[in-house]
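*Asks:* Pasting a structure here, questions to come.
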Amino acid sequence: MILRAVLAAALVATAAPAIAQTVPLGANLERFAYPFPVEWHEAPSQGGTVRMAYMDIAPTARANGRTLVLLHGKNFCAATWGHTARTLAAKGYRVIVPDQVGFCKSSKPAGYQYSFQALAALTAGLLERAGADKVTMVGHSTGGILGIRFALTYPDRVDRLVLVNPLGLNDTLAEGVPYSDLGILRAEEQKTDAASIKAYQLRTYYHGQWRDAYDRWVAMLAGQYASPDGAIVRDAQARLSDMIETQPVAAELKDVKVPVSLIIGQRDETAFRANTAPESMRPQIRKVPQAADDAVSQFRDARLVRLPSLGHSPQVEDPAAFEAALLGEVSRPAATP
């Protein structure tokens with residue numbers, strides 16, 4: 001009986017990755033190191049001043065004159081792009097990687113009204129400050145919605161748009177996901193910790209296959225929540241979830257004027273907030289790969305690149321495969337003026 005109990009305990013231990021003790025990192029990740037020096041862009045917004053953290057990586061090979069802007073997702077930060085940024089710089093690209101307001105090292109103002117339009121305007125100001133005129137936008141997950149909004153608002157400042165497992169290509173509210181108001185979202189954020197972050201990513205992003213390298217990114221997110229000022233993070237994340245669920249870009253894809261590349265990990269299980277829909281409605285709520293299949297024909301000029309063995313975060317799961325696909329797309333002819 002004792003041996004059987006020991007074996008059962010061992011099976012449970014190997015079924016799910018262990019959770020290390022969470023180290024508080026500060027609401028603005030003050031104690032989390034980024035892979036490149038962090039710079040700051042201050043801008044007026046909603047009657048106050050916000051600060052955006054960003055990394056500006058110069059080419060480490062002969063410069064090709066191109067600038068790529070990498071936009072992170074909701075459960076990610078600029079630091080998550082570190083490997084990709086290093087590879088792009090080694091190919092001659094200048095790479096700018098911001099933390100959006102509400103995320104990571106950037107400001108999280110109390111009561112801030114988050115919108116993709118506001119984030120696009122702030123990003124435009126950051127790029128103007130950095131002297132980056134025309135750029136290639138690469139948006140992952142929630143950053144994909146922002147990339148589309150930026151391209152719609154500032155079409156003359158974008159030569160190509162690359163969407164990596166983006167949200168917003170379908171309107172999940174219209175597909176049956178019930179609206180969750182800010183009170184519900186705040187209550188959910190109160191339950192967020194390292195264990196819940198890891199369980200969600202294991203199931204949704206990495207199709208049940210965890211690697212030790214992913215622990216750093218769980219620690220990054222959980223370290224914000226675990227800080228003495230973690231309530232600031234929880235409020236910002238709830239407001240950002242409201243922004244995502246209420247501001248899809250599905251109806252505007254036809255208006256994007258620049259060439260679009262969709263790089264999609266096909267094993268992605270993400271269907272934003274589908275877990276709150278009635279059981280009977282969940283099958284009709286499209287996951288990211290399904291939404292991308294349907295969306296590619298709605299753009300004026302778009303290509304779909306499928307990564308069959310990867311999930312929601314291909315740049316984290318298999319940097320080499322993802323970066324080969326990305327370099328193939330950004331090296332295609334730019335949009336004509």
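Following the order of the structure tokens, chains are lettered A, B, ..., residues in each are numbered from 1, and ligands are numbered from 1.
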Compile the contact shell of Glu42 in chain A as a PyMOL selection string: residues with an atom at most 8 Å away, counting only C-alpha atoms, same-chain residues fewer than 4 positions apart removed.
*Replies:* chain A and resi 49-52
*Asks:* Using only C-alpha atoms, which protein or nucleic acid residues come within 9 Å of Leu88 in chain A? Drop anything in the same chain fewer than 2 positions from it, and give the result as a list in words.
*Replies:*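 My list of contacting residues is Pro59, Thr60, Leu68, His83, Thr84, Ala85, Arg86, Ala90, Lys91, Gly92, Tyr93, Arg94, Val95, Glu323 and Leu327 of chain A.
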*Asks:* Smallest atom-to-atom distance to Lys134 in chain A: which of A:Val158, A:Arg62, A:Arg149, A:Leu185, using only C-alpha atoms?
*Replies:*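 Answer, going by the shortest atom-to-atom distance: A:Val158.
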*Asks:* Neighbours of Pro98 in chain A within 9 Å (only C-alpha atoms; same-chain residues fewer than 3 positions away dropped), as a VMD selection string?
*Replies:* chain A and resid 52 to 56 69 to 72 77 to 78 106 123 126
*Asks:* Nearest to Arg306 in chain A: which of A:Arg286, A:His140, A:Arg267, A:Lys191 is it, counting only C-alpha atoms?
*Replies:*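 Once distances to Arg306 in chain A are computed over only C-alpha atoms, the minimum belongs to A:Arg267.
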*Asks:* Of the candidates A:Asp294, A:Asp99, A:Asp301, A:Asp229, which one gets nearest to Lys257 in chain A if we count only C-alpha atoms?
*Replies:* A:Asp301
*Asks:* Have a look at CA of Val305 in chain A and CA of Leu167 in chain A and let me know their distance in Å, one decimal.
*Replies:*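 The value is 16.2 Å.
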*Asks:* Using the chain letters and numbers from this document, which residues of range 99-255 of chain A does DSSP assign to alpha helix (DSSP H), as JSON, numbers by chain?
*Replies:* {"A": [116, 117, 118, 119, 120, 121, 122, 123, 124, 125, 126, 127, 128, 129, 130, 142, 143, 144, 145, 146, 147, 148, 149, 150, 151, 152, 153, 182, 183, 184, 185, 186, 187, 188, 189, 194, 195, 196, 197, 198, 199, 200, 201, 202, 203, 204, 215, 216, 217, 218, 219, 220, 221, 222, 223, 224, 225, 230, 231, 232, 233, 234, 235, 236, 237, 238, 239, 240, 241, 242, 243, 244, 245, 246]}
*Asks:* Using only C-alpha atoms, what table do you get, as CSV, when you list each residue of range 230-275 of chain A with an atom no more than 12 Å from range 209-222 of chain A, its nearest pair of atoms, and their distance in Å rounded to one decimal, rows by chain then rising number?
*Replies:*
```
residue,atom,partner,partner_atom,distance
A:Gly230,CA,A:Ala222,CA,9.5
A:Val233,CA,A:Leu221,CA,9.7
A:Arg234,CA,A:Ala222,CA,10.8
A:Gln237,CA,A:Leu221,CA,11.0
A:Arg267,CA,A:Gln209,CA,11.3
```
*Asks:* As a ChimeraX atom specification, please: the residues near range 268-281 of chain A (cut-off 12 Å, only C-alpha atoms, same-chain neighbours under 4 positions excluded).
*Replies:* /A:74,141-142,164-180,184-185,188,200-208,241-246,248,263-264,285-292,306-314,317
*Asks:* I need the residues in range 33-216 of chain A that are strand (DSSP E or B) according to DSSP; give them as a PyMOL selection string.
*Replies:* chain A and resi 39-45+48-57+67-71+94-98+135-140+158-164
*Asks:* Quick one: residues within 9 Å of Phe150 in chain A, only C-alpha atoms, excluding same-chain residues fewer than 3 positions away - as a ChimeraX atom specification?
*Replies:* /A:116-117,119-121,123-124,137,145-147,153-155,157-158
*Asks:* Between CA of Val260 in chain A and CA of Lys105 in chain A, what distance in Å does the model show, to one decimal?
*Replies:*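 Distance between the two atoms: 29.1 Å.
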